[in-house]
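What follows is the content of structure_32.csv (CSV, N, CA and C atoms).
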```csv
chain,number,residue,atom,x,y,z
A,1,GLU,N,122.7,-22.0,-4.9
A,1,GLU,CA,122.5,-23.0,-3.9
A,1,GLU,C,122.1,-22.4,-2.6
A,2,HIS,N,122.7,-21.2,-2.3
A,2,HIS,CA,122.4,-20.5,-1.0
A,2,HIS,C,120.9,-20.2,-0.9
A,3,THR,N,120.3,-19.7,-2.0
A,3,THR,CA,118.9,-19.4,-2.0
A,3,THR,C,118.1,-20.7,-1.9
A,4,LEU,N,118.5,-21.7,-2.5
A,4,LEU,CA,117.8,-23.0,-2.4
A,4,LEU,C,117.8,-23.5,-0.9
A,5,GLY,N,118.9,-23.3,-0.3
A,5,GLY,CA,119.0,-23.7,1.1
A,5,GLY,C,118.0,-23.0,2.0
A,6,LYS,N,117.8,-21.7,1.7
A,6,LYS,CA,116.9,-20.8,2.5
A,6,LYS,C,115.5,-21.2,2.2
A,7,SER,N,115.2,-21.8,1.1
A,7,SER,CA,113.8,-22.1,0.7
A,7,SER,C,113.2,-23.3,1.4
A,8,GLY,N,114.1,-24.1,2.0
A,8,GLY,CA,113.6,-25.3,2.6
A,8,GLY,C,113.4,-26.5,1.6
A,9,LYS,N,113.7,-26.2,0.4
A,9,LYS,CA,113.5,-27.2,-0.7
A,9,LYS,C,114.7,-28.1,-0.8
A,10,GLU,N,114.6,-29.2,-1.4
A,10,GLU,CA,115.7,-30.2,-1.6
A,10,GLU,C,115.7,-30.6,-3.1
A,11,ILE,N,116.9,-30.9,-3.5
A,11,ILE,CA,117.1,-31.4,-4.9
A,11,ILE,C,117.0,-32.9,-4.8
A,12,VAL,N,116.2,-33.5,-5.7
A,12,VAL,CA,116.2,-35.0,-5.8
A,12,VAL,C,116.9,-35.2,-7.1
A,13,GLU,N,118.1,-35.8,-7.1
A,13,GLU,CA,118.9,-36.1,-8.3
A,13,GLU,C,118.3,-37.2,-9.1
A,14,LEU,N,118.1,-37.0,-10.4
A,14,LEU,CA,117.6,-38.0,-11.3
A,14,LEU,C,118.6,-38.2,-12.4
A,15,SER,N,118.7,-39.4,-12.9
A,15,SER,CA,119.6,-39.6,-14.1
A,15,SER,C,118.9,-39.2,-15.4
A,16,ASN,N,119.7,-39.0,-16.4
A,16,ASN,CA,119.1,-38.7,-17.7
A,16,ASN,C,118.1,-39.8,-18.2
A,17,ASP,N,118.4,-41.0,-17.9
A,17,ASP,CA,117.6,-42.1,-18.3
A,17,ASP,C,116.2,-42.0,-17.5
A,18,GLN,N,116.3,-41.7,-16.3
A,18,GLN,CA,115.0,-41.6,-15.5
A,18,GLN,C,114.2,-40.5,-16.0
A,19,VAL,N,114.8,-39.4,-16.4
A,19,VAL,CA,114.1,-38.2,-16.9
A,19,VAL,C,113.5,-38.4,-18.3
A,20,TYR,N,114.4,-38.9,-19.3
A,20,TYR,CA,114.0,-38.9,-20.7
A,20,TYR,C,113.4,-40.2,-21.1
A,21,GLU,N,113.6,-41.3,-20.4
A,21,GLU,CA,113.0,-42.6,-20.8
A,21,GLU,C,111.9,-43.0,-19.9
A,22,HIS,N,111.9,-42.5,-18.6
A,22,HIS,CA,110.9,-43.0,-17.7
A,22,HIS,C,110.0,-41.9,-17.0
A,23,PHE,N,110.1,-40.6,-17.6
A,23,PHE,CA,109.3,-39.5,-17.1
A,23,PHE,C,109.4,-39.2,-15.7
A,24,ALA,N,110.5,-39.5,-15.0
A,24,ALA,CA,110.7,-39.2,-13.6
A,24,ALA,C,110.7,-37.7,-13.3
A,25,GLY,N,111.0,-36.9,-14.3
A,25,GLY,CA,111.0,-35.4,-14.0
A,25,GLY,C,109.7,-34.8,-14.2
A,26,ASN,N,108.7,-35.6,-14.5
A,26,ASN,CA,107.3,-35.2,-14.8
A,26,ASN,C,106.4,-35.5,-13.7
A,27,MET,N,106.8,-35.2,-12.5
A,27,MET,CA,106.0,-35.4,-11.2
A,27,MET,C,105.4,-34.0,-10.8
A,28,ILE,N,104.4,-34.1,-10.0
A,28,ILE,CA,103.8,-32.8,-9.5
A,28,ILE,C,103.4,-33.1,-8.1
A,29,GLN,N,103.6,-32.1,-7.2
A,29,GLN,CA,103.2,-32.2,-5.9
A,29,GLN,C,101.9,-31.3,-5.7
A,30,VAL,N,100.9,-31.9,-5.1
A,30,VAL,CA,99.7,-31.3,-4.9
A,30,VAL,C,99.4,-31.3,-3.4
A,31,GLN,N,98.4,-30.6,-2.9
A,31,GLN,CA,98.0,-30.6,-1.5
A,31,GLN,C,96.5,-30.8,-1.5
A,32,ASN,N,96.1,-31.7,-0.6
A,32,ASN,CA,94.7,-32.0,-0.4
A,32,ASN,C,94.0,-31.0,0.6
A,33,THR,N,92.8,-31.1,0.8
A,33,THR,CA,92.1,-30.2,1.7
A,33,THR,C,92.5,-30.4,3.2
A,34,ARG,N,93.1,-31.5,3.5
A,34,ARG,CA,93.7,-31.7,4.9
A,34,ARG,C,95.1,-31.2,5.0
A,35,GLY,N,95.6,-30.6,3.9
A,35,GLY,CA,97.0,-30.0,4.0
A,35,GLY,C,98.1,-31.1,3.8
A,36,GLU,N,97.7,-32.3,3.4
A,36,GLU,CA,98.7,-33.3,3.1
A,36,GLU,C,99.3,-33.1,1.7
A,37,THR,N,100.6,-33.3,1.6
A,37,THR,CA,101.2,-33.2,0.3
A,37,THR,C,101.2,-34.6,-0.4
A,38,ILE,N,100.9,-34.6,-1.7
A,38,ILE,CA,100.8,-35.8,-2.5
A,38,ILE,C,101.7,-35.6,-3.7
A,39,LEU,N,102.6,-36.5,-3.9
A,39,LEU,CA,103.5,-36.4,-5.1
A,39,LEU,C,102.9,-37.4,-6.1
A,40,ILE,N,102.4,-36.8,-7.2
A,40,ILE,CA,101.8,-37.6,-8.3
A,40,ILE,C,102.8,-37.9,-9.4
A,41,MET,N,102.9,-39.1,-9.8
A,41,MET,CA,103.8,-39.5,-10.9
A,41,MET,C,103.3,-40.7,-11.6
A,42,SER,N,103.9,-41.1,-12.7
A,42,SER,CA,103.4,-42.3,-13.4
A,42,SER,C,104.1,-43.5,-12.8
A,43,ALA,N,103.4,-44.7,-13.0
A,43,ALA,CA,104.0,-45.9,-12.6
A,43,ALA,C,105.4,-46.2,-13.2
A,44,THR,N,105.6,-45.7,-14.4
A,44,THR,CA,106.8,-45.8,-15.1
A,44,THR,C,107.9,-45.0,-14.4
A,45,ALA,N,107.6,-43.8,-14.0
A,45,ALA,CA,108.5,-43.0,-13.2
A,45,ALA,C,108.9,-43.6,-11.9
A,46,HIS,N,107.8,-44.1,-11.2
A,46,HIS,CA,108.0,-44.7,-9.9
A,46,HIS,C,108.9,-45.9,-10.0
A,47,GLY,N,108.7,-46.7,-11.0
A,47,GLY,CA,109.5,-47.9,-11.2
A,47,GLY,C,111.0,-47.7,-11.5
A,48,SER,N,111.3,-46.5,-12.0
A,48,SER,CA,112.7,-46.1,-12.3
A,48,SER,C,113.5,-45.6,-11.1
A,49,LEU,N,112.8,-45.3,-10.0
A,49,LEU,CA,113.4,-44.7,-8.9
A,49,LEU,C,114.1,-45.7,-8.0
A,50,ASN,N,115.3,-45.3,-7.5
A,50,ASN,CA,116.0,-46.2,-6.6
A,50,ASN,C,115.6,-46.0,-5.2
A,51,ARG,N,116.0,-46.9,-4.3
A,51,ARG,CA,115.6,-46.8,-2.9
A,51,ARG,C,115.9,-45.5,-2.3
A,52,LYS,N,117.1,-44.9,-2.5
A,52,LYS,CA,117.5,-43.6,-1.9
A,52,LYS,C,116.5,-42.5,-2.4
A,53,GLN,N,116.2,-42.5,-3.7
A,53,GLN,CA,115.3,-41.5,-4.2
A,53,GLN,C,113.9,-41.7,-3.6
A,54,LEU,N,113.4,-42.9,-3.5
A,54,LEU,CA,112.1,-43.1,-2.9
A,54,LEU,C,112.1,-42.7,-1.5
A,55,ASP,N,113.1,-43.1,-0.7
A,55,ASP,CA,113.2,-42.7,0.7
A,55,ASP,C,113.1,-41.1,0.8
A,56,GLN,N,113.8,-40.4,0.0
A,56,GLN,CA,113.8,-39.0,0.0
A,56,GLN,C,112.5,-38.4,-0.3
A,57,LEU,N,111.8,-38.9,-1.4
A,57,LEU,CA,110.5,-38.5,-1.8
A,57,LEU,C,109.5,-38.8,-0.7
A,58,ASN,N,109.6,-40.0,-0.1
A,58,ASN,CA,108.6,-40.3,1.0
A,58,ASN,C,108.8,-39.4,2.2
A,59,ARG,N,110.0,-39.0,2.5
A,59,ARG,CA,110.3,-38.1,3.6
A,59,ARG,C,109.8,-36.7,3.3
A,60,LEU,N,109.8,-36.3,2.1
A,60,LEU,CA,109.4,-34.9,1.7
A,60,LEU,C,107.9,-34.8,1.4
A,61,ASN,N,107.2,-35.9,1.3
A,61,ASN,CA,105.7,-35.9,1.0
A,61,ASN,C,105.0,-36.7,1.9
A,62,ASP,N,103.7,-36.4,2.1
A,62,ASP,CA,102.9,-37.3,3.0
A,62,ASP,C,102.5,-38.6,2.2
A,63,HIS,N,102.3,-38.5,0.9
A,63,HIS,CA,101.9,-39.6,0.1
A,63,HIS,C,102.6,-39.6,-1.3
A,64,LEU,N,102.9,-40.7,-1.8
A,64,LEU,CA,103.3,-40.9,-3.2
A,64,LEU,C,102.2,-41.6,-3.9
A,65,LEU,N,101.8,-41.1,-5.1
A,65,LEU,CA,100.7,-41.7,-5.9
A,65,LEU,C,101.3,-42.0,-7.3
A,66,ALA,N,101.4,-43.2,-7.6
A,66,ALA,CA,101.9,-43.7,-8.9
A,66,ALA,C,100.7,-44.3,-9.7
A,67,VAL,N,100.5,-43.7,-10.9
A,67,VAL,CA,99.4,-44.2,-11.7
A,67,VAL,C,99.9,-44.7,-13.0
A,68,ALA,N,99.3,-45.8,-13.5
A,68,ALA,CA,99.6,-46.4,-14.8
A,68,ALA,C,99.0,-45.6,-15.9
A,69,ILE,N,99.8,-44.9,-16.7
A,69,ILE,CA,99.3,-44.2,-17.8
A,69,ILE,C,100.2,-44.4,-19.1
A,70,PRO,N,100.3,-45.7,-19.5
A,70,PRO,CA,101.3,-46.0,-20.6
A,70,PRO,C,100.8,-45.4,-21.9
A,71,THR,N,99.5,-45.3,-22.1
A,71,THR,CA,99.1,-44.8,-23.4
A,71,THR,C,99.5,-43.3,-23.5
A,72,ILE,N,99.3,-42.5,-22.5
A,72,ILE,CA,99.6,-41.1,-22.5
A,72,ILE,C,101.1,-41.0,-22.7
A,73,GLU,N,101.9,-41.8,-22.0
A,73,GLU,CA,103.4,-41.7,-22.2
A,73,GLU,C,103.9,-42.1,-23.5
A,74,LYS,N,103.2,-43.2,-24.1
A,74,LYS,CA,103.7,-43.7,-25.4
A,74,LYS,C,103.2,-42.9,-26.6
A,75,ILE,N,102.0,-42.5,-26.6
A,75,ILE,CA,101.4,-41.8,-27.7
A,75,ILE,C,101.3,-40.3,-27.5
A,76,GLY,N,101.0,-39.9,-26.2
A,76,GLY,CA,100.8,-38.5,-26.0
A,76,GLY,C,102.1,-37.7,-25.8
A,77,GLY,N,103.2,-38.4,-25.4
A,77,GLY,CA,104.5,-37.8,-25.3
A,77,GLY,C,104.6,-37.0,-23.9
A,78,GLY,N,103.7,-37.2,-23.0
A,78,GLY,CA,103.8,-36.5,-21.7
A,78,GLY,C,103.6,-37.5,-20.6
A,79,SER,N,103.3,-37.0,-19.5
A,79,SER,CA,103.1,-37.9,-18.3
A,79,SER,C,102.2,-37.3,-17.3
A,80,ALA,N,102.3,-37.6,-16.0
A,80,ALA,CA,101.3,-37.2,-15.0
A,80,ALA,C,101.2,-35.7,-14.9
A,81,ARG,N,102.3,-35.0,-14.8
A,81,ARG,CA,102.3,-33.6,-14.6
A,81,ARG,C,101.5,-32.9,-15.7
A,82,CYS,N,101.7,-33.4,-16.9
A,82,CYS,CA,101.0,-32.8,-18.1
A,82,CYS,C,99.5,-32.9,-18.1
A,83,MET,N,99.0,-33.8,-17.3
A,83,MET,CA,97.6,-34.1,-17.3
A,83,MET,C,96.8,-33.4,-16.2
A,84,ILE,N,97.5,-32.6,-15.4
A,84,ILE,CA,96.9,-31.9,-14.2
A,84,ILE,C,96.9,-30.4,-14.4
A,85,ALA,N,95.7,-29.8,-14.3
A,85,ALA,CA,95.6,-28.4,-14.4
A,85,ALA,C,95.9,-27.8,-13.0
A,86,GLU,N,96.8,-26.8,-12.9
A,86,GLU,CA,97.1,-26.2,-11.7
A,86,GLU,C,96.2,-25.0,-11.5
A,87,ILE,N,95.6,-24.9,-10.3
A,87,ILE,CA,94.8,-23.7,-9.9
A,87,ILE,C,95.4,-23.1,-8.7
A,88,PHE,N,95.8,-21.8,-8.8
A,88,PHE,CA,96.4,-21.2,-7.6
A,88,PHE,C,95.3,-20.2,-7.1
A,89,ILE,N,94.9,-20.5,-5.9
A,89,ILE,CA,93.9,-19.6,-5.2
A,89,ILE,C,94.6,-18.7,-4.3
A,90,PRO,N,94.4,-17.4,-4.5
A,90,PRO,CA,95.0,-16.4,-3.7
A,90,PRO,C,94.7,-16.6,-2.2
A,91,SER,N,95.7,-16.3,-1.3
A,91,SER,CA,95.5,-16.4,0.1
A,91,SER,C,94.5,-15.3,0.6
A,92,THR,N,93.7,-15.6,1.5
A,92,THR,CA,92.8,-14.5,2.1
A,92,THR,C,93.3,-14.0,3.4
```
What's the structure tokens form of this structure?
Amino acid sequence: EHTLGKSGKEIVELSNDQVYEHFAGNMIQVQNTRGETILIMSATAHGSLNRKQLDQLNRLNDHLLAVAIPTIEKIGGGSARCMIAEIFIPST
């Protein structure tokens, strides 16, 4: 926890139901060309979050983006994070 505190990161507590039944652990934070942070999640995940969790996520991100992807979640077995390819460009 000491290392976590130094990182500036925060833990957002999720219930097992939110993680395993509503894909709330399958979010991903991206950054746009303006430097804004966007937390991408499914509409299912978003709908499972309580007010305290949403307030925390809104405080930690510039935007929350919830997308309806029921077919991917039902048949594909994954969610928003699984659908995004991460590209890490080295700093210059």
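Put simply, atom N of Met83 of chain A is 17.4 Å away from atom C of His63 of chain A.
What separates atom N of Val12 of chain A from atom N of Thr92 of chain A is a distance of 29.6 Å.
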Could you write out, as number ranges by chain, all the residues of chain A that DSSP marks as alpha helix (DSSP H)?
A: 2-7, 16-22, 43-48, 51-60, 70-71
Might I get the box with edges along x, y and z of the file that holds all atoms of segment 55-74 of chain A listed there, padded by 3 Å on every side, given as centre and edge lengths in Å to one decimal, as lines of an AutoDock Vina configuration file?
```
center_x = 106.4
center_y = -40.6
center_z = -11.5
size_x = 20.8
size_y = 17.6
size_z = 36.2
```
Name the residues of chain A that come out as strand (DSSP E or B) in a backbone DSSP run; write them as a PyMOL selection string.
chain A and resi 28-31+37-42+63-67
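Take atom CA of Ile38 of chain A and atom CA of Leu64 of chain A: the distance between them is 5.7 Å.
By only C-alpha atoms, and with residues fewer than 3 positions from Pro70 of chain A along its chain excluded, the set lying at most 10 Å from it is Ser42, Ala43, Thr44, Val67, Glu73, Lys74, Ile75, Gly76, Gly77, Gly78 and Ser79 of chain A.
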In terms of the shortest atom-to-atom distance over only C-alpha atoms, which of A:Val19, A:Leu57, A:Val30, A:Leu39 is closest to Glu86 of chain A?
A:Val30
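Checking A:Gln53, A:Asn26, A:Asn58, A:Thr71 one by one against Met41 of chain A, counting only C-alpha atoms, you find the shortest gap at A:Asn26.
Distances to Gly25 of chain A were evaluated for A:Lys9, A:Ala68, A:Gln56, A:Ala80 using only C-alpha atoms, and the minimum falls at A:Ala80.
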Write out as a PyMOL selection string which residues come within 6 Å of Glu36 of chain A when counting only C-alpha atoms, dropping same-chain ones fewer than 4 positions away.
chain A and resi 31-32+62
File of the preceding selection, N, CA and C atoms, as a compact mmCIF listing (two decimals), in the coordinates of the input:
```txt
# COMPACT_ATOMS: atom_id res chain seq x y z
N GLN A 31 98.40 -30.60 -2.90
CA GLN A 31 98.00 -30.60 -1.50
C GLN A 31 96.50 -30.80 -1.50
N ASN A 32 96.10 -31.70 -0.60
CA ASN A 32 94.70 -32.00 -0.40
C ASN A 32 94.00 -31.00 0.60
N ASP A 62 103.70 -36.40 2.10
CA ASP A 62 102.90 -37.30 3.00
C ASP A 62 102.50 -38.60 2.20
```
Return the single residue from A:Ile72, A:Ile28, A:His22, A:Ser15 that is closest to Gly47 of chain A, with distances computed using all atoms listed in the file.
A:His22
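Each of A:Met27, A:Leu54, A:Leu4, A:Leu14 was checked against Arg81 of chain A using only C-alpha atoms; the smallest atom-to-atom distance is that of A:Met27.
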